[in-house]
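S.K.: What follows is a structure written as structure tokens; I'll ask about it next.
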Amino acid sequence: MARLTSDGESRRFVTYFEWFVHSEVIGSGLLVTAALAAMVLANSAWSGAYDDVLHTYIGVSWGDATFKLTLHHWVNDGLMVIFFFVVGLEIKRELVVGELSSLDKASLPVAAALGGMAVPALIYAAFNAGGPGAPGWGIPMATDIAFALGVLAIFGRRVPIGLKVFLTALAITDDLGAVAVIAIFYTEETNLVALGLAVVLLAVLFAAIRLRVRRTGFLLILMIAVWLDIFASGIHATVAGILLAMVIPVRPQVNVRRFVAEAETFLDTVKRRQESHDCIITDREQLEAVEFLHTRSHETLPAGLMLERSLHPIQVWLILPLFALANAGVKVDSHILEALDNPVSLGILLGLALGKPLGIVGLAWLAVRTRLGTLPEGVSWSQIVGVGCLAGIGFTMSLFITDLAFADEATINGAKLGTLVASLLSAAVGVAILGRSLPPRSAGGDPEEP
């Protein structure tokens, strides 16, 4: 996939990273639209119908057995499995071949992410330790990568590539931490039999993929069975998405050099044979050559990368907007300030808006100071502070953990309100800091040299 640069210079390839950032930017716009729609519905004359639709049960029955979930649960426990599957593919790609694949690359964003998870959790705990809001300590830990990259995109080409990579790697590490928190701390009771069966099915799926089983229906049935067993085990069903992603290879199963050598041989065969509109049907040798090229080219492409690219549009255009529509419907009235004046809301608000930048900048500074990491080329500390503020946008994961942490509607509403206010505040402060610290745009549209 290639395109011309804006000044008409030689063609250049759009890298995978650029595609990923661009898709996240689109996703952030759709998320905003869906979240606003949810807020409008929750505070309008249709609020009753909105709640009724979300709590409508959908499922299947056979004999005396039934499997039914509310529409809200189908979104959070079903569709979000695909979201976590894509997140898992992103995490595995970064760990194997990306910005987290070596100590030199990973040390700075990992240190920053750890600080960005620990400090918000500690701030929240300071307000809620020992109280009814104590289970919500995981809410302010997460960064919404789509929103954060979407806000960063406002500055266009003024943003150094190193700063984009730092934020992306930080947010992906953050996602890994959030998944671990959900699996370990938000699981009340575990059915070991169901969990053991899920492990066995994962092993079968892993073996099938390694043996290059291409029966999509069989693989899909295995994946659904893993999800059902994780669901039955008591561990949140979305963790199945991460586990499934871990068995998908992100490296090609066929050596590229070998593929090129074989392809040249078979292409010569095709060229030597009869050329006509129907030759591929009537000439068996030519048909076998084309079939080989078709099969081998698919094996040469990394399965993880292809799945990620195929599912990303579904995640961006469907799953996350539906999640926002089902979860961002916070009821707001004239007592909004009173709703924020409670330990849960304040803990989330200060954890995201203050704890995130403090933790990220503090641990990043410590990593650089101890020479465990170095700042990316062309990136300043003030830009790291700005990105640290953007990391306080905690929308998707924070709302998700809220529903796991609390059952009381009033507490959930306050937690969601705190998340939304903190995210808006973090975005505004981050934009203000980056607006002053990023290089100015030159008359030609490119950043001026510092």
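Letters for chains follow the order of the structure tokens (A, B, ...), residue numbers begin at 1 for each chain, and ligand numbers begin at 1 in the order shown.
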Determine, using only C-alpha atoms, which residues of stretch 323-415 of chain A have any atom at most 12 Å from an atom of stretch 83-90 of chain A, and tabulate each with its shortest atom pair and distance in Å to one decimal place, rows ordered by chain and then rising number, as CSV.
M.R.:
residue,atom,partner,partner_atom,distance
A:Phe323,CA,A:Phe83,CA,10.0
A:Thr396,CA,A:Phe83,CA,10.6
A:Met397,CA,A:Phe84,CA,10.4
A:Phe400,CA,A:Phe84,CA,11.6
S.K.: Identify which of the residues A:Gly329, A:Leu340, A:Gly115, A:Ala237 lies closest to A:Ser44, counting only C-alpha atoms when measuring atom-to-atom distances.
M.R.: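 Under the stated criterion, the closest residue is A:Gly329.
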S.K.: Could you check which of A:Ala415, A:Val429, A:Ile235, A:Ala364 is closest to A:Glu188, using only C-alpha atoms?
M.R.: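 Looking only at the distances to A:Glu188, the closest residue turns out to be A:Ile235.
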S.K.: Which residue out of A:Gly418, A:Gly386, A:Pro376, A:Gly355 has the minimum interatomic distance to A:Ala328 when only C-alpha atoms are used?
M.R.: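 Nearest to A:Ala328: A:Gly418.
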S.K.: Write out as a VMD selection string the residues lying within 10 Å of A:Ala111, counting only C-alpha atoms and excluding same-chain residues fewer than 3 positions away.
M.R.: chain A and resid 106 to 108 114 to 116 170 173 359 to 368 372 to 373
S.K.: With a distance cut-off of 9 Å and only C-alpha atoms, select the neighbouring residues of A:Val179, excluding the residue or stretch itself and same-chain residues fewer than 5 positions from it, and output the selection as a ChimeraX atom specification.
M.R.: /A:84,174,184,238-239,242
S.K.: Just the number, please: distance in Å from atom CA of A:Leu420 to atom CA of A:Leu354, one decimal.
M.R.: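 Calculated distance between atom CA of A:Leu420 and atom CA of A:Leu354 is 14.3 Å.
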S.K.: Would you pick out the contacts of A:Leu176 at 8 Å or less, using only C-alpha atoms, so that residues sharing its chain but fewer than 4 positions from it are not included, and give the list as a list in words?
M.R.: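 Residues near the query, excluding close chain neighbours: Ile91, Ile172 and Ala180 of chain A.
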S.K.: What's the 12 Å shell around A:Ile401, counting only C-alpha atoms, without same-chain residues fewer than 2 positions away, as number ranges by chain?
M.R.: A: 76, 135-142, 178-183, 185-187, 236, 238, 327, 348, 394-399, 403-407, 412, 415-416, 419
S.K.: Have a look at A:Ala169, A:Val40, A:Ala232, A:Val226 and name the one nearest to A:Glu189; count only C-alpha atoms.
M.R.: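 Comparing A:Ala169, A:Val40, A:Ala232, A:Val226 against A:Glu189, the winner is A:Ala232.
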S.K.: Given only C-alpha atoms as the basis, pick out the residue of A:Val387, A:Met306, A:Leu417, A:Val97 nearest to A:Asn342.
M.R.: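 Among the listed residues, A:Leu417 lies closest to A:Asn342.
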S.K.: What residues in stretch 19-178 of chain A get the DSSP label strand (DSSP E or B)? Please answer as a list of chain:residue names.
M.R.: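 For stretch 19-178 of chain A, the strand (DSSP E or B) set is A:Tyr57, A:Ile58, A:Gly59, A:Val60, A:Ser61, A:Trp62, A:Ala65, A:Thr66, A:Phe67, A:Lys68, A:Leu69, A:Thr70.
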S.K.: Could you write out that same residue set with N, CA, C and O atoms as an mmCIF file, in the first residue's frame?
M.R.:
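Okay, this is what ended up in out_14.cif:
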data_model
loop_
_atom_site.group_PDB
_atom_site.id
_atom_site.type_symbol
_atom_site.label_atom_id
_atom_site.label_comp_id
_atom_site.auth_asym_id
_atom_site.auth_seq_id
_atom_site.Cartn_x
_atom_site.Cartn_y
_atom_site.Cartn_z
ATOM 1 N N TYR A 57 -33.468 -9.365 27.413
ATOM 2 C CA TYR A 57 -32.744 -10.642 27.379
ATOM 3 C C TYR A 57 -32.791 -11.244 25.976
ATOM 4 O O TYR A 57 -33.832 -11.274 25.327
ATOM 5 N N ILE A 58 -31.629 -11.719 25.533
ATOM 6 C CA ILE A 58 -31.498 -12.361 24.226
ATOM 7 C C ILE A 58 -30.710 -13.661 24.431
ATOM 8 O O ILE A 58 -29.696 -13.674 25.134
ATOM 9 N N GLY A 59 -31.176 -14.754 23.841
ATOM 10 C CA GLY A 59 -30.456 -16.007 23.996
ATOM 11 C C GLY A 59 -31.116 -17.146 23.260
ATOM 12 O O GLY A 59 -31.928 -16.932 22.354
ATOM 13 N N VAL A 60 -30.759 -18.355 23.651
ATOM 14 C CA VAL A 60 -31.305 -19.549 23.003
ATOM 15 C C VAL A 60 -31.805 -20.507 24.079
ATOM 16 O O VAL A 60 -31.363 -20.473 25.229
ATOM 17 N N SER A 61 -32.746 -21.369 23.686
ATOM 18 C CA SER A 61 -33.293 -22.383 24.595
ATOM 19 C C SER A 61 -33.325 -23.716 23.874
ATOM 20 O O SER A 61 -33.586 -23.781 22.670
ATOM 21 N N TRP A 62 -33.035 -24.781 24.605
ATOM 22 C CA TRP A 62 -33.203 -26.125 24.057
ATOM 23 C C TRP A 62 -33.642 -27.032 25.220
ATOM 24 O O TRP A 62 -32.971 -27.153 26.229
ATOM 25 N N ALA A 65 -33.103 -26.297 29.099
ATOM 26 C CA ALA A 65 -31.907 -25.463 29.261
ATOM 27 C C ALA A 65 -32.050 -24.149 28.486
ATOM 28 O O ALA A 65 -32.657 -24.109 27.415
ATOM 29 N N THR A 66 -31.507 -23.103 29.053
ATOM 30 C CA THR A 66 -31.519 -21.787 28.395
ATOM 31 C C THR A 66 -30.159 -21.117 28.562
ATOM 32 O O THR A 66 -29.452 -21.357 29.548
ATOM 33 N N PHE A 67 -29.812 -20.298 27.609
ATOM 34 C CA PHE A 67 -28.616 -19.455 27.712
ATOM 35 C C PHE A 67 -29.024 -18.068 27.246
ATOM 36 O O PHE A 67 -29.149 -17.814 26.050
ATOM 37 N N LYS A 68 -29.254 -17.182 28.214
ATOM 38 C CA LYS A 68 -29.730 -15.842 27.891
ATOM 39 C C LYS A 68 -28.913 -14.796 28.642
ATOM 40 O O LYS A 68 -28.552 -14.999 29.796
ATOM 41 N N LEU A 69 -28.639 -13.702 27.959
ATOM 42 C CA LEU A 69 -27.971 -12.547 28.558
ATOM 43 C C LEU A 69 -28.707 -11.292 28.119
ATOM 44 O O LEU A 69 -29.357 -11.279 27.075
ATOM 45 N N THR A 70 -28.607 -10.236 28.914
ATOM 46 C CA THR A 70 -29.182 -8.965 28.481
ATOM 47 C C THR A 70 -28.354 -8.420 27.327
ATOM 48 O O THR A 70 -27.187 -8.802 27.134
#
S.K.: In stretch 49-96 of chain A, what's helix (DSSP H, G or I) per DSSP? Answer as JSON, numbers by chain?
M.R.: {"A": [49, 50, 51, 52, 53, 54, 71, 72, 73, 74, 75, 76, 77, 78, 79, 80, 81, 82, 83, 84, 85, 86, 87, 88, 89, 90, 91, 92, 93, 94, 95, 96]}
S.K.: Pull C-alpha atoms from the residues just selected and write them as an mmCIF file, in the first residue's frame.
M.R.:
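Result saved to part_26.cif:
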data_model
loop_
_atom_site.group_PDB
_atom_site.id
_atom_site.type_symbol
_atom_site.label_atom_id
_atom_site.label_comp_id
_atom_site.auth_asym_id
_atom_site.auth_seq_id
_atom_site.Cartn_x
_atom_site.Cartn_y
_atom_site.Cartn_z
ATOM 1 C CA ALA A 49 -36.808 2.973 26.503
ATOM 2 C CA TYR A 50 -32.990 3.197 26.410
ATOM 3 C CA ASP A 51 -32.735 1.252 29.716
ATOM 4 C CA ASP A 52 -35.379 -1.257 28.625
ATOM 5 C CA VAL A 53 -33.503 -2.058 25.405
ATOM 6 C CA LEU A 54 -30.202 -2.534 27.265
ATOM 7 C CA LEU A 71 -28.215 -6.895 25.453
ATOM 8 C CA HIS A 72 -25.878 -4.948 27.753
ATOM 9 C CA HIS A 73 -24.126 -8.180 28.747
ATOM 10 C CA TRP A 74 -23.939 -9.409 25.140
ATOM 11 C CA VAL A 75 -22.048 -6.211 24.297
ATOM 12 C CA ASN A 76 -19.764 -6.306 27.366
ATOM 13 C CA ASP A 77 -19.209 -10.080 27.582
ATOM 14 C CA GLY A 78 -19.647 -11.050 23.935
ATOM 15 C CA LEU A 79 -18.690 -8.352 21.448
ATOM 16 C CA MET A 80 -15.948 -7.026 23.725
ATOM 17 C CA VAL A 81 -14.239 -10.434 23.446
ATOM 18 C CA ILE A 82 -13.401 -9.423 19.873
ATOM 19 C CA PHE A 83 -12.073 -6.080 21.163
ATOM 20 C CA PHE A 84 -9.837 -7.895 23.660
ATOM 21 C CA PHE A 85 -8.800 -10.364 20.950
ATOM 22 C CA VAL A 86 -7.550 -7.468 18.813
ATOM 23 C CA VAL A 87 -5.894 -5.915 21.884
ATOM 24 C CA GLY A 88 -4.208 -9.284 22.498
ATOM 25 C CA LEU A 89 -2.932 -9.403 18.912
ATOM 26 C CA GLU A 90 -1.565 -5.855 19.324
ATOM 27 C CA ILE A 91 0.147 -6.808 22.587
ATOM 28 C CA LYS A 92 1.664 -9.980 21.119
ATOM 29 C CA ARG A 93 2.872 -8.138 18.003
ATOM 30 C CA GLU A 94 4.569 -5.486 20.130
ATOM 31 C CA LEU A 95 6.140 -8.126 22.401
ATOM 32 C CA VAL A 96 7.434 -10.237 19.503
#
